[in-house]
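Comments concern the structure below.
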Amino acid sequence: MIVVAGEALIDLVPQGPGALADLKPALGGGPYNTAVALGRLGSRTAFCSRTSADAFGEALLDGLRRAGVDVSGVQRGPEPTTLAVATIDATGSAAYSFYVDGTADRLFTAPAALPAGTRAVSFGTCSLVLEPGASAYEELMRAAAGQGLFTALDPNIRAGLIPDADAYRARFKSWLPSVTLLKLSAEDAAWLGGSPRAWLAAGPAAVVVTRGGDGLTVFTRDGGEYSVPGEKVDVVDTIGAGDTVNAALLHGLAVQDALSAEALAALGAEGWTRLLRFAARAAAITCSRAGAEPPYAAELGEPTAL
């Protein structure tokens with residue numbers, strides 16, 4: 001079981017150029033997209049979050065169920081669903097404005113236990129910023145690491161939601177001893193400061209940096225650095241691409257029974273290159289269609305093809 005912990009929200013996606021373009025609601029949120037992508041790839045997945053009892057909340061849970069994700073542990077509340085308004089530029093890159101005051105996901109509380117058979121827990125995005133839920137997710141991260149579980153972190157920086165950048169950067173550093181795999185974009189890395197080598201020294205066994213169409217690079221604790229190019233594709237938009245990378249990395253590691261720091265160290269150049277290519281291929285498919293629509297396993301070939 002891979003547990004994905006974090007927010008589920010509604011993306012309002014523009015259907016044309018300009019600030020007043022028609023908006024189409026779409027299921028979203030970084031952790032939500034990661035959970036859906038894992039389910040579509042065939043990994044046994046559970047979602048750990050708090051969602052609204054409103055119509056959007058029901059639609060979000062239905063989307064998880066369709067992907068085969070276990071939602072039995074999702075908390076519910078009467079508060080509204082968080083909204084994210086996307087703006088798409090000429091290259092297909094997305095920027096977001098968030099409507100988060102008084103929303104259901106902010107009131108998440110850490111569960112007493114994770115589902116039976118949990119081997120990995122994934123964290124990231126808004127859920128680690130917005131209090132009081134952020135502290136609850138942080139508590140869960142530290143508890144999972146303390147139990148020896150594989151932990152993955154994608155900070156997926158949304159600067160407009162972070163009132164004190166220096167405080168967040170310090171908090172990010174405090175998470176690193178509890179993180180097995182850190183994945184972040186080159187833009188996130190620049191905003192956070194520091195370097196992959198410095199982050200590795202603080203705890204993670206590997207750091208994966210994504211560079212959009214230019215590909216991915218992994219840095220490993222033993223000094224390894226392995227890169228693959230991006231897959232060429234006609235980009236519709238990049239919504240959900242990074243979340244698909246998260247899912248592909250976790251799924252690929254699970255397929256290889258490599259969800260541990262020791263197993264990451266044993267992958268070597270060949271193993272990492274195969275895994276990164278798999279993630280790049282999955283992300284390219286997501287970018288080739290509108291909204292966060294990660295691929296199904298059949299679109300990527302057999303998992304053993306990693």
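Labeling convention for the structure tokens: chains A, B, ... as they appear, residues from 1 per chain, ligands from 1 in order of appearance.
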**Sel. of strand (DSSP E or B) residues, segment 90-294 of chain A, as a ChimeraX atom specification** = /A:94-99,120-124,150-154,181-185,206-210,216-220,225-228
**Message:** Applying 12 Å and only C-alpha atoms, which residues near Ala292 of chain A remain after dropping the ones on its own chain fewer than 5 positions away? List them as JSON, numbers by chain.
**Reply:** {"A": [10, 11, 12, 13, 25, 26, 27, 28, 29, 30, 31, 32, 33, 34, 35, 36, 37, 63, 86, 94, 236, 237, 238, 239, 240, 241, 242, 243, 244, 282, 283, 284, 285, 286, 287]}
With C-alpha atoms kept, could you save the residues just selected as a compact mmCIF listing (two decimals), in the first residue's frame?
# COMPACT_ATOMS: atom_id res chain seq x y z
CA ILE A 10 -11.07 21.84 -7.51
CA ASP A 11 -8.99 23.44 -10.28
CA LEU A 12 -10.87 26.06 -12.30
CA VAL A 13 -9.16 25.70 -15.67
CA PRO A 25 -13.95 22.82 -12.92
CA ALA A 26 -11.54 19.90 -12.76
CA LEU A 27 -10.51 17.52 -9.99
CA GLY A 28 -7.10 18.42 -8.63
CA GLY A 29 -4.57 19.12 -5.93
CA GLY A 30 -1.00 17.80 -6.05
CA PRO A 31 -1.50 14.88 -3.65
CA TYR A 32 -4.89 14.08 -5.18
CA ASN A 33 -3.36 13.91 -8.68
CA THR A 34 -0.56 11.72 -7.36
CA ALA A 35 -3.05 9.29 -5.81
CA VAL A 36 -5.10 9.10 -9.02
CA ALA A 37 -1.96 8.53 -11.09
CA GLY A 63 -12.59 10.36 -9.00
CA ALA A 86 -5.41 28.29 -13.03
CA ALA A 94 0.12 26.88 -15.29
CA VAL A 236 -1.47 21.14 -24.11
CA ASP A 237 -0.71 22.17 -20.52
CA THR A 238 1.54 21.06 -17.67
CA ILE A 239 -1.17 20.62 -15.03
CA GLY A 240 -0.44 17.47 -13.05
CA ALA A 241 2.88 16.71 -14.75
CA GLY A 242 4.94 16.90 -11.58
CA ASP A 243 2.35 14.87 -9.69
CA THR A 244 2.56 12.21 -12.40
CA ALA A 282 4.33 9.25 -17.93
CA ALA A 283 4.64 13.03 -17.47
CA ALA A 284 4.76 13.60 -21.22
CA ILE A 285 1.43 11.81 -21.66
CA THR A 286 -0.11 14.01 -18.96
CA CYS A 287 1.19 17.14 -20.72
**Request:** Return as a list of chain:residue names the full set of residues in segment 39-106 of chain A whose backbone-based DSSP assignment is helix (DSSP H, G or I).
**Result:** A:Gly39, A:Arg40, A:Leu41, A:Ala55, A:Phe56, A:Gly57, A:Glu58, A:Ala59, A:Leu60, A:Leu61, A:Asp62, A:Gly63, A:Leu64, A:Arg65, A:Arg66, A:Ala104, A:Asp105, A:Arg106
Let me see the file: selected residues, N, CA and C atoms, as a short mmCIF file (atom, residue, chain, number, x, y, z; two decimals), in the first residue's frame.
data_model
loop_
_atom_site.label_atom_id
_atom_site.label_comp_id
_atom_site.auth_asym_id
_atom_site.auth_seq_id
_atom_site.Cartn_x
_atom_site.Cartn_y
_atom_site.Cartn_z
N GLY A 39 -3.12 5.04 -8.75
CA GLY A 39 -4.19 4.08 -8.97
C GLY A 39 -4.28 3.65 -10.42
N ARG A 40 -4.15 4.61 -11.34
CA ARG A 40 -4.22 4.28 -12.76
C ARG A 40 -3.06 3.40 -13.19
N LEU A 41 -1.90 3.58 -12.55
CA LEU A 41 -0.74 2.75 -12.90
C LEU A 41 -0.84 1.35 -12.31
N ALA A 55 -20.83 19.08 -2.98
CA ALA A 55 -20.85 18.35 -4.25
C ALA A 55 -19.45 18.18 -4.83
N PHE A 56 -18.60 19.20 -4.67
CA PHE A 56 -17.22 19.06 -5.15
C PHE A 56 -16.49 17.96 -4.38
N GLY A 57 -16.70 17.91 -3.08
CA GLY A 57 -16.06 16.87 -2.28
C GLY A 57 -16.47 15.48 -2.71
N GLU A 58 -17.76 15.31 -3.01
CA GLU A 58 -18.23 14.02 -3.50
C GLU A 58 -17.61 13.68 -4.84
N ALA A 59 -17.49 14.66 -5.71
CA ALA A 59 -16.89 14.42 -7.02
C ALA A 59 -15.42 14.02 -6.88
N LEU A 60 -14.71 14.64 -5.95
CA LEU A 60 -13.31 14.29 -5.72
C LEU A 60 -13.17 12.84 -5.26
N LEU A 61 -14.00 12.42 -4.34
CA LEU A 61 -13.94 11.04 -3.87
C LEU A 61 -14.32 10.07 -4.98
N ASP A 62 -15.29 10.43 -5.80
CA ASP A 62 -15.67 9.57 -6.91
C ASP A 62 -14.50 9.38 -7.88
N GLY A 63 -13.74 10.47 -8.12
CA GLY A 63 -12.59 10.36 -9.00
C GLY A 63 -11.53 9.42 -8.46
N LEU A 64 -11.33 9.44 -7.16
CA LEU A 64 -10.38 8.51 -6.54
C LEU A 64 -10.88 7.07 -6.65
N ARG A 65 -12.15 6.88 -6.38
CA ARG A 65 -12.71 5.52 -6.47
C ARG A 65 -12.57 4.96 -7.88
N ARG A 66 -12.83 5.80 -8.88
CA ARG A 66 -12.71 5.33 -10.28
C ARG A 66 -11.29 4.89 -10.60
N ALA A 104 -12.39 22.79 3.92
CA ALA A 104 -12.42 21.54 4.67
C ALA A 104 -11.03 20.94 4.87
N ASP A 105 -10.19 20.96 3.83
CA ASP A 105 -8.92 20.24 3.92
C ASP A 105 -7.97 20.84 4.95
N ARG A 106 -8.16 22.10 5.32
CA ARG A 106 -7.27 22.73 6.29
C ARG A 106 -7.45 22.15 7.70
#
**Message:** With only C-alpha atoms as the counted atoms, please give the residues lying no more than 6 Å from segment 196-208 of chain A, apart from itself and same-chain residues fewer than 3 positions off, as a list in words.
**Reply:**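 Residues near the query, excluding close chain neighbours: Leu176, Pro177, Val179, Thr180, Leu181, Leu182, Lys183, Thr217, Val218, Phe219, Thr220, Arg221 and Ala261 of chain A.
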**Item:** Non-local contacts of segment 264-274 of chain A (7 Å; only C-alpha atoms; under 4 positions in same chain excluded) as a list in words
**Value:** Ala205, Tyr226, Ser227, Val228, Ala258, Ser260, Phe278 and Leu306 of chain A
Written selection (all heavy atoms) as a PDB file, in the first residue's frame:
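Generated file (result.pdb):
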ATOM      1  N   ALA A 205      17.633   9.863   0.895  1.00  0.00           N
ATOM      2  CA  ALA A 205      18.540   8.943   0.214  1.00  0.00           C
ATOM      3  C   ALA A 205      18.746   9.339  -1.238  1.00  0.00           C
ATOM      4  O   ALA A 205      19.745   8.965  -1.859  1.00  0.00           O
ATOM      5  CB  ALA A 205      17.995   7.518   0.292  1.00  0.00           C
ATOM      6  N   TYR A 226      22.451  11.160 -12.196  1.00  0.00           N
ATOM      7  CA  TYR A 226      22.003  10.530 -13.431  1.00  0.00           C
ATOM      8  C   TYR A 226      20.845  11.340 -14.009  1.00  0.00           C
ATOM      9  O   TYR A 226      19.926  11.717 -13.284  1.00  0.00           O
ATOM     10  CB  TYR A 226      21.562   9.091 -13.169  1.00  0.00           C
ATOM     11  CG  TYR A 226      22.528   8.321 -12.306  1.00  0.00           C
ATOM     12  CD1 TYR A 226      22.161   7.900 -11.032  1.00  0.00           C
ATOM     13  CD2 TYR A 226      23.821   8.026 -12.745  1.00  0.00           C
ATOM     14  CE1 TYR A 226      23.037   7.203 -10.220  1.00  0.00           C
ATOM     15  CE2 TYR A 226      24.713   7.334 -11.945  1.00  0.00           C
ATOM     16  CZ  TYR A 226      24.318   6.926 -10.679  1.00  0.00           C
ATOM     17  OH  TYR A 226      25.212   6.252  -9.879  1.00  0.00           O
ATOM     18  N   SER A 227      20.895  11.581 -15.318  1.00  0.00           N
ATOM     19  CA  SER A 227      19.895  12.415 -15.977  1.00  0.00           C
ATOM     20  C   SER A 227      19.302  11.698 -17.180  1.00  0.00           C
ATOM     21  O   SER A 227      19.961  10.863 -17.812  1.00  0.00           O
ATOM     22  CB  SER A 227      20.507  13.740 -16.450  1.00  0.00           C
ATOM     23  OG  SER A 227      20.997  14.504 -15.367  1.00  0.00           O
ATOM     24  N   VAL A 228      18.043  12.064 -17.480  1.00  0.00           N
ATOM     25  CA  VAL A 228      17.407  11.624 -18.723  1.00  0.00           C
ATOM     26  C   VAL A 228      16.742  12.848 -19.354  1.00  0.00           C
ATOM     27  O   VAL A 228      16.329  13.769 -18.641  1.00  0.00           O
ATOM     28  CB  VAL A 228      16.358  10.510 -18.497  1.00  0.00           C
ATOM     29  CG1 VAL A 228      16.990   9.298 -17.839  1.00  0.00           C
ATOM     30  CG2 VAL A 228      15.176  11.022 -17.693  1.00  0.00           C
ATOM     31  N   ALA A 258      11.660  -1.674  -4.210  1.00  0.00           N
ATOM     32  CA  ALA A 258      12.763  -0.780  -3.857  1.00  0.00           C
ATOM     33  C   ALA A 258      12.308   0.397  -2.992  1.00  0.00           C
ATOM     34  O   ALA A 258      12.877   1.479  -3.062  1.00  0.00           O
ATOM     35  CB  ALA A 258      13.430  -0.267  -5.132  1.00  0.00           C
ATOM     36  N   SER A 260      12.815   1.560  -0.050  1.00  0.00           N
ATOM     37  CA  SER A 260      13.639   1.724   1.151  1.00  0.00           C
ATOM     38  C   SER A 260      14.879   2.509   0.764  1.00  0.00           C
ATOM     39  O   SER A 260      15.264   2.547  -0.419  1.00  0.00           O
ATOM     40  CB  SER A 260      14.047   0.373   1.743  1.00  0.00           C
ATOM     41  OG  SER A 260      14.984  -0.268   0.905  1.00  0.00           O
ATOM     42  N   PHE A 278      10.907   6.182 -17.313  1.00  0.00           N
ATOM     43  CA  PHE A 278       9.512   5.810 -17.096  1.00  0.00           C
ATOM     44  C   PHE A 278       8.716   7.020 -16.606  1.00  0.00           C
ATOM     45  O   PHE A 278       7.611   7.303 -17.088  1.00  0.00           O
ATOM     46  CB  PHE A 278       9.456   4.665 -16.079  1.00  0.00           C
ATOM     47  CG  PHE A 278       8.069   4.197 -15.743  1.00  0.00           C
ATOM     48  CD1 PHE A 278       7.332   3.453 -16.644  1.00  0.00           C
ATOM     49  CD2 PHE A 278       7.506   4.480 -14.505  1.00  0.00           C
ATOM     50  CE1 PHE A 278       6.057   2.994 -16.331  1.00  0.00           C
ATOM     51  CE2 PHE A 278       6.236   4.039 -14.180  1.00  0.00           C
ATOM     52  CZ  PHE A 278       5.509   3.290 -15.097  1.00  0.00           C
ATOM     53  N   LEU A 306      10.130  -1.540 -16.844  1.00  0.00           N
ATOM     54  CA  LEU A 306      11.041  -0.585 -16.227  1.00  0.00           C
ATOM     55  C   LEU A 306      12.480  -1.069 -16.328  1.00  0.00           C
ATOM     56  O   LEU A 306      13.400  -0.291 -16.358  1.00  0.00           O
ATOM     57  CB  LEU A 306      10.682  -0.399 -14.757  1.00  0.00           C
ATOM     58  CG  LEU A 306       9.432   0.437 -14.451  1.00  0.00           C
ATOM     59  CD1 LEU A 306       9.063   0.317 -12.994  1.00  0.00           C
ATOM     60  CD2 LEU A 306       9.675   1.879 -14.825  1.00  0.00           C
TER      61      LEU A 306
END
**Message:** Under the rule that only C-alpha atoms are counted, which of A:Ser185, A:Gln75, A:Ser127, A:Gln147 is the nearest residue to Val100 of chain A?
**Reply:**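 For Val100 of chain A, the nearest of the candidates is A:Ser127.
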**Request:** Could you tell me which of A:Ile162, A:Gly146, A:Glu187, A:Ala53 comes closest to Ala134 of chain A if we count only C-alpha atoms?
**Result:**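 Answer, going by the shortest atom-to-atom distance: A:Ile162.
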**Item:** Between atom CA of Gly230 of chain A and atom CA of Ala298 of chain A - distance in Å to one decimal
**Value:**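 Atom-to-atom, atom CA of Ala298 of chain A to atom CA of Gly230 of chain A, that is 20.2 Å.
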**Prompt:** Pick the closest to Leu128 of chain A from A:Val71, A:Ala5, A:Ala116, A:Leu184: which is it, counting only C-alpha atoms?
**Reply:**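 Smallest separation from Leu128 of chain A among the options: A:Ala5.
Going from atom CA of Asp89 of chain A over to atom CA of Arg158 of chain A, you cover 16.7 Å.
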**Prompt:** Skipping near chain neighbours, those fewer than 3 positions away, what residues fall within 9 Å of Gly213 of chain A using only C-alpha atoms, listed as a PyMOL selection string?
**Reply:** chain A and resi 210+216+229-233+280+284
**Nearest to Leu276 of chain A, chosen from A:Leu253, A:Leu259, A:Ala95, A:Ala290, with only C-alpha atoms counted in the distances** =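 So, comparing all the options, the nearest one is A:Leu253.
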Considering only C-alpha atoms, return as a CSV table (one decimal) with N, CA, C and O atoms, in the first residue's frame whatever protein or nucleic-acid residues lie within 8 Å of Asp54 of chain A, sequence-local ones (same chain, fewer than 4 positions apart) excluded.
chain,number,residue,atom,x,y,z
A,58,GLU,N,-17.8,15.3,-3.0
A,58,GLU,CA,-18.2,14.0,-3.5
A,58,GLU,C,-17.6,13.7,-4.8
A,58,GLU,O,-17.2,12.5,-5.1
A,78,PRO,N,-18.2,19.8,6.9
A,78,PRO,CA,-19.2,20.6,6.2
A,78,PRO,C,-18.6,21.8,5.5
A,78,PRO,O,-19.3,22.5,4.8
A,79,GLU,N,-17.3,22.1,5.8
A,79,GLU,CA,-16.7,23.3,5.2
A,79,GLU,C,-16.6,23.2,3.6
A,79,GLU,O,-16.6,22.1,3.1
A,80,PRO,N,-16.5,24.3,2.9
A,80,PRO,CA,-16.4,24.2,1.4
A,80,PRO,C,-15.1,23.6,1.0
A,80,PRO,O,-14.1,23.5,1.7
A,81,THR,N,-15.1,23.2,-0.3
A,81,THR,CA,-13.9,22.7,-1.0
A,81,THR,C,-13.0,23.8,-1.4
A,81,THR,O,-13.4,24.9,-1.9
**Asked** Hey, can you check how far atom CA of Thr118 of chain A sits from atom CA of Gly73 of chain A?
**Response** 12.8 Å
